[in-house]
Structures are given as structure tokens and as C-alpha cells.
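The file model-v3.csv comes next; it holds CSV, C-alpha atoms.
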```csv
chain,number,residue,atom,x,y,z
M,28,MET,CA,-4.1,-10.7,-1.8
M,29,ALA,CA,-2.6,-7.9,0.3
M,30,SER,CA,-3.2,-4.2,-0.1
M,31,ALA,CA,-0.6,-1.5,-0.9
M,32,VAL,CA,0.7,1.2,1.4
M,33,ILE,CA,-1.2,4.4,1.1
M,34,LEU,CA,1.0,7.3,-0.1
M,35,GLU,CA,0.5,11.0,-0.6
M,36,ILE,CA,1.3,11.6,-4.2
M,37,GLN,CA,0.2,15.1,-5.2
M,38,SER,CA,-1.0,18.5,-4.0
M,39,THR,CA,-3.6,20.4,-6.0
M,40,THR,CA,-1.9,23.6,-4.9
M,41,GLN,CA,1.3,22.5,-6.7
M,42,GLU,CA,3.2,22.6,-3.3
M,43,GLN,CA,4.6,19.8,-1.3
M,44,PRO,CA,1.9,17.9,0.6
M,45,PRO,CA,2.2,18.8,4.3
M,46,ILE,CA,3.9,16.4,6.7
M,47,ASP,CA,3.7,16.7,10.5
M,48,ARG,CA,5.3,15.1,13.5
M,49,GLN,CA,3.2,14.4,16.5
M,50,ILE,CA,3.7,12.5,19.8
M,51,GLU,CA,2.8,8.9,19.5
M,52,LYS,CA,0.2,7.3,21.8
M,53,ALA,CA,1.6,4.4,23.9
M,54,GLY,CA,1.4,0.9,22.6
M,55,GLN,CA,1.0,1.7,18.9
M,56,THR,CA,2.2,-1.0,16.4
M,57,PHE,CA,0.7,0.3,13.2
M,58,GLN,CA,2.4,0.1,9.8
M,59,ILE,CA,3.7,2.7,7.4
M,60,GLY,CA,1.0,4.0,5.1
M,61,VAL,CA,-2.1,3.6,7.3
M,62,PRO,CA,-4.7,6.2,8.3
M,63,VAL,CA,-4.0,7.7,11.7
M,64,MET,CA,-6.0,9.8,14.1
M,65,THR,CA,-5.2,11.9,17.2
M,66,ASP,CA,-6.3,10.4,20.5
M,67,GLN,CA,-8.2,13.3,22.2
M,68,ALA,CA,-7.3,12.2,25.8
M,69,SER,CA,-3.5,11.9,25.4
M,70,GLY,CA,-2.9,14.0,22.2
M,71,GLY,CA,-0.9,11.1,20.8
M,72,ILE,CA,-1.2,9.8,17.2
M,73,GLN,CA,-2.7,6.3,16.8
M,74,GLU,CA,-4.0,4.1,14.0
M,75,TRP,CA,-7.4,5.2,12.9
M,76,ASP,CA,-10.1,3.2,14.7
M,77,GLY,CA,-12.1,2.6,11.4
M,78,SER,CA,-15.3,3.8,12.9
M,79,THR,CA,-14.8,7.5,13.7
M,80,VAL,CA,-16.0,9.1,10.5
M,81,ALA,CA,-16.7,12.7,11.5
M,82,ALA,CA,-13.4,14.5,12.1
M,83,GLY,CA,-11.7,11.1,12.6
M,84,ILE,CA,-8.6,11.1,10.3
M,85,SER,CA,-5.5,13.2,10.9
M,86,GLY,CA,-3.5,11.8,7.9
M,87,VAL,CA,-1.5,8.8,6.8
M,88,SER,CA,1.5,7.4,8.7
M,89,LYS,CA,5.0,7.9,7.2
M,90,SER,CA,6.6,5.7,9.9
M,91,GLY,CA,5.4,2.7,11.8
M,92,GLY,CA,4.2,2.7,15.4
M,93,ALA,CA,7.1,2.3,17.8
M,94,ASN,CA,5.2,0.5,20.6
M,95,LEU,CA,6.2,3.2,23.1
M,96,ALA,CA,5.7,2.3,26.8
M,97,THR,CA,4.6,5.9,27.6
M,98,THR,CA,2.8,8.4,25.2
M,99,GLY,CA,5.4,10.7,23.6
M,100,VAL,CA,8.4,9.3,25.5
M,101,ALA,CA,11.3,8.2,23.3
M,102,LYS,CA,12.1,4.5,23.2
M,103,THR,CA,15.8,3.9,22.6
M,104,MET,CA,16.9,0.5,21.3
M,105,SER,CA,19.8,-0.8,23.3
M,106,ILE,CA,21.9,-3.9,23.5
M,107,THR,CA,21.9,-5.8,26.8
M,108,GLY,CA,25.1,-5.4,28.7
M,109,GLY,CA,25.7,-1.7,28.3
M,110,VAL,CA,29.0,0.0,27.4
M,111,PRO,CA,32.2,-1.1,29.2
M,112,ASN,CA,33.5,1.5,31.7
M,113,GLN,CA,30.4,3.8,31.1
M,114,PRO,CA,27.7,2.7,33.5
M,115,SER,CA,25.2,5.4,32.4
M,116,ALA,CA,25.6,4.7,28.7
M,117,VAL,CA,23.6,2.5,26.4
M,118,GLN,CA,24.8,0.7,23.4
M,119,ILE,CA,22.6,1.4,20.3
M,120,PRO,CA,22.7,-1.2,17.6
M,121,TYR,CA,24.1,0.0,14.2
M,122,GLY,CA,21.3,1.0,11.9
M,123,ALA,CA,18.7,1.3,14.7
M,124,PRO,CA,16.1,4.0,13.8
M,125,ALA,CA,16.2,7.1,15.9
M,126,ASN,CA,13.1,7.6,18.0
M,127,ASP,CA,12.1,10.8,19.8
M,128,GLY,CA,8.6,9.7,20.8
M,129,ARG,CA,7.0,11.2,17.7
M,130,THR,CA,5.4,9.8,14.5
M,131,ASP,CA,5.6,11.4,11.0
M,132,TYR,CA,2.4,11.5,9.0
M,133,ALA,CA,1.1,13.1,5.8
M,134,VAL,CA,-1.6,15.5,6.9
M,135,ALA,CA,-5.1,15.0,5.6
M,136,VAL,CA,-6.0,18.3,4.0
M,137,ASN,CA,-8.3,19.1,1.1
M,138,SER,CA,-5.4,19.7,-1.3
M,139,THR,CA,-3.5,16.4,-0.8
M,140,ILE,CA,-4.2,13.5,-3.1
M,141,PHE,CA,-3.3,10.0,-1.9
M,142,TYR,CA,-2.7,6.7,-3.7
M,143,GLY,CA,-4.3,3.6,-2.4
M,144,GLN,CA,-6.1,0.5,-3.6
M,145,VAL,CA,-9.7,-0.8,-3.5
M,146,GLY,CA,-10.4,-4.1,-1.7
M,147,PRO,CA,-8.7,-7.3,-2.8
M,148,ALA,CA,-11.9,-8.7,-4.2
M,149,GLN,CA,-12.8,-5.4,-5.9
M,150,THR,CA,-11.8,-3.8,-9.2
M,151,VAL,CA,-11.9,-0.2,-10.3
M,152,ALA,CA,-14.1,1.2,-13.0
M,153,PRO,CA,-14.3,4.7,-14.6
M,154,THR,CA,-17.7,5.1,-12.8
M,155,ASP,CA,-15.8,5.1,-9.5
M,156,VAL,CA,-14.4,8.6,-10.1
M,157,THR,CA,-16.1,11.2,-7.9
M,158,LYS,CA,-17.7,8.5,-5.7
M,159,THR,CA,-17.2,8.4,-2.0
M,160,TYR,CA,-16.3,5.3,-0.1
M,161,GLY,CA,-15.2,4.1,3.3
M,162,MET,CA,-11.9,2.3,4.3
M,163,THR,CA,-11.2,-1.2,5.7
M,164,LYS,CA,-8.1,-2.7,7.3
M,165,ASP,CA,-6.8,-5.6,5.3
M,166,THR,CA,-5.5,-8.9,6.8
M,167,ASP,CA,-1.9,-7.7,6.2
M,168,GLY,CA,-2.4,-4.6,8.4
M,169,HIS,CA,-2.8,-2.1,5.5
M,170,TRP,CA,-5.9,-0.2,4.6
M,171,TYR,CA,-7.9,-0.1,1.4
M,172,VAL,CA,-10.7,2.0,-0.1
M,173,ASP,CA,-13.8,-0.2,0.4
M,174,LYS,CA,-16.4,0.1,-2.3
M,175,THR,CA,-18.9,-1.7,-0.2
M,176,LYS,CA,-18.9,1.2,2.4
M,177,THR,CA,-20.9,4.1,1.2
M,178,GLY,CA,-23.1,6.8,2.6
M,179,GLY,CA,-22.4,7.5,6.3
M,180,SER,CA,-19.4,5.3,6.2
M,181,ALA,CA,-17.6,7.3,3.5
M,182,VAL,CA,-14.3,9.0,4.4
M,183,VAL,CA,-12.6,9.3,0.9
M,184,GLN,CA,-13.6,10.5,-2.6
M,185,ILE,CA,-11.9,8.9,-5.6
M,186,VAL,CA,-10.5,11.6,-7.9
M,187,LYS,CA,-9.0,9.4,-10.6
M,188,LEU,CA,-7.9,5.9,-11.4
M,189,ASP,CA,-4.2,5.0,-11.2
M,190,TYR,CA,-2.4,4.6,-14.6
M,191,TRP,CA,-0.1,1.7,-13.4
M,192,ASP,CA,-2.3,-0.3,-11.0
M,193,THR,CA,-5.2,-0.6,-13.4
M,194,ALA,CA,-6.9,-3.4,-11.5
M,195,ARG,CA,-7.1,-1.8,-8.0
M,196,GLY,CA,-5.3,1.5,-7.9
M,197,VAL,CA,-7.1,4.8,-7.1
M,198,HIS,CA,-6.1,8.4,-6.3
M,199,PHE,CA,-8.3,9.8,-3.6
M,200,VAL,CA,-8.8,12.7,-1.1
M,201,PHE,CA,-10.2,12.6,2.4
M,202,LEU,CA,-13.6,14.1,2.7
M,203,PRO,CA,-13.6,17.4,4.5
M,204,ALA,CA,-16.0,16.1,7.1
M,205,ALA,CA,-13.6,13.1,7.9
M,206,ILE,CA,-10.5,15.3,8.4
M,207,GLN,CA,-9.5,15.7,12.0
M,208,LYS,CA,-8.4,19.3,12.3
M,209,LEU,CA,-6.0,20.1,15.1
M,210,GLY,CA,-5.2,23.3,16.8
```
Conversion result in C-alpha cells:
Amino acid sequence: MASAVILEIQSTTQEQPPIDRQIEKAGQTFQIGVPVMTDQASGGIQEWDGSTVAAGISGVSKSGGANLATTGVAKTMSITGGVPNQPSAVQIPYGAPANDGRTDYAVAVNSTIFYGQVGPAQTVAPTDVTKTYGMTKDTDGHWYVDKTKTGGSAVVQIVKLDYWDTARGVHFVFLPAAIQKLG
């Protein structure tokens, strides 16, 4: 059973949860709604490695990785053959997403509450509220709150159970120690 996309759903300050755009590291093919981190060498956003707990998570992706050839350099989709009588032009397919070499992500801050799920073989219980857990990448490329990862592996804290997804749904915040602060 697959896991759901992680979404920012609420801010405890009653403001819009912050969204940022940052250059994307080359070769990224992550999905929408996965934890992301900033590569310290290139400054590009990449999928979280799953093991950097201390200051490891910048936020949750709002767009998928574009598999850029070079960090932060836009990749334009074009149709082979070009444009007749315009040798320097490229033909962009109708509906192709614009790409400027950056990735959108919901910033992990103390005031943003995210929706996610616990593992496919796990269920939620009222006793999970206030507990801290780690995260694991599912076979479908999405991430889930993993109730088997506790202690030094914890990166999130469950703040409440989801009303609609009563079997696996949780609302959580990233732990302050796990948030990768930039700037």
C-alpha cells in the first residue's frame, strides 16, 4: 500500500505557511510532497537523504525534481526539429511546465503543520499525539512517518490525528533540531 503526498496544511500563527523557491541540485528526480534538504556544496535543493537528522530538512517539495543537467540551470523541454525559419528558436510542447532551475517547497518552520501518513503496516492511535518519530521512504517514492524510528532518528512530532484518514493520517511538525535553517 502506497503512502500519501506530504502537504503543509496549517500555520499555528494563522498566516499562510511559508513557501520558498531555491535552485535545484543537478540530477534530482524526487516527487511532489517529499522532504527536501539543501546540499551544502552546491546550494541546490535535493531530496532528503533520510539519515541527516540534525539540521537536515529544509521543507517539503511542492514540485517534482526536474533532473537538471547542471545545478540551478533551467531545462527547457523542446521538440526535436526546431522552429522553421528560426534557427535559434526551440519549440516548446503545449502544456510543458516552465522551468527556471528552481524548486518550490513548503519551508519547515516551527509554526507549519504538515499532513502525512504513518507506515503502510502501521496504524495511528491517540497515544501517538505528542510522540516523536522518524521518516522512511516508501516503495512508491513518497515518505511516511515511521513509528519504528524513535529517539535519535526522530525528525517529526505528531500534533494530532487526521479526521478523514483515520487509519494512517497524522498532522505533524518538524522538530526544531531537524530543521535546516538557511541564511
Counting only C-alpha atoms, which residues of region 63-123 of chain M fall within 9 Å of region 50-58 of chain M, and what is the closest atom pair for each with its distance in Å at one decimal, ordered by chain and rising number, as a Markdown table?
```
| residue | atom | partner | partner_atom | distance |
| --- | --- | --- | --- | --- |
| M:Val63 | CA | M:Phe57 | CA | 8.9 |
| M:Thr65 | CA | M:Lys52 | CA | 8.5 |
| M:Asp66 | CA | M:Lys52 | CA | 7.3 |
| M:Ser69 | CA | M:Lys52 | CA | 6.9 |
| M:Gly70 | CA | M:Ile50 | CA | 7.2 |
| M:Gly71 | CA | M:Lys52 | CA | 4.1 |
| M:Ile72 | CA | M:Glu51 | CA | 4.7 |
| M:Gln73 | CA | M:Lys52 | CA | 5.9 |
| M:Glu74 | CA | M:Phe57 | CA | 6.1 |
| M:Ser88 | CA | M:Gln58 | CA | 7.4 |
| M:Lys89 | CA | M:Gln58 | CA | 8.6 |
| M:Ser90 | CA | M:Gln58 | CA | 7.0 |
| M:Gly91 | CA | M:Gln58 | CA | 4.4 |
| M:Gly92 | CA | M:Thr56 | CA | 4.3 |
| M:Ala93 | CA | M:Thr56 | CA | 6.1 |
| M:Asn94 | CA | M:Gly54 | CA | 4.3 |
| M:Leu95 | CA | M:Ala53 | CA | 4.8 |
| M:Ala96 | CA | M:Ala53 | CA | 5.4 |
| M:Thr97 | CA | M:Ala53 | CA | 5.0 |
| M:Thr98 | CA | M:Ala53 | CA | 4.4 |
| M:Gly99 | CA | M:Ile50 | CA | 4.5 |
| M:Val100 | CA | M:Ile50 | CA | 8.1 |
```
Which of M:Ala205, M:Ala81, M:Val172, M:Val183 sits closest to Ala148 (chain M) [using all atoms listed in the file]: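 Closest candidate: M:Val172.
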Of the residues M:Leu34, M:Thr79, M:Asn112, M:Arg129, which is the one nearest to Gln49 (chain M), using only C-alpha atoms? M:Arg129
Which polymer residues have any atom within 9 Å of an atom of Leu202 (chain M), counting all atoms listed in the file, with same-chain residues fewer than 4 positions away left out, as a ChimeraX atom specification? /M:136-137,159,181-184,206
Closest of M:Arg195, M:Pro147, M:Ala133, M:Val156 to Gln37 (chain M) - atom-to-atom distances counting all atoms listed in the file: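 Closest to Gln37 (chain M) of all the choices is M:Ala133.
Residue nearest Ser85 (chain M), chosen from M:Phe141, M:Tyr132, M:Trp170, M:Tyr160 and counting only C-alpha atoms: M:Tyr132.
Counting only C-alpha atoms and comparing M:Thr139, M:Thr154, M:Gln113, M:Thr175, the residue that lies closest to Ile46 (chain M) is M:Thr139.
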Using only C-alpha atoms, which of M:Lys102, M:Ala29, M:Lys164, M:Val145 sits nearest Ala125 (chain M)?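 Closest to Ala125 (chain M), using only C-alpha atoms: M:Lys102.
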What does the structure give for the distance between CA of Gly146 (chain M) and CA of Thr166 (chain M), in Å to one decimal? 10.9 Å
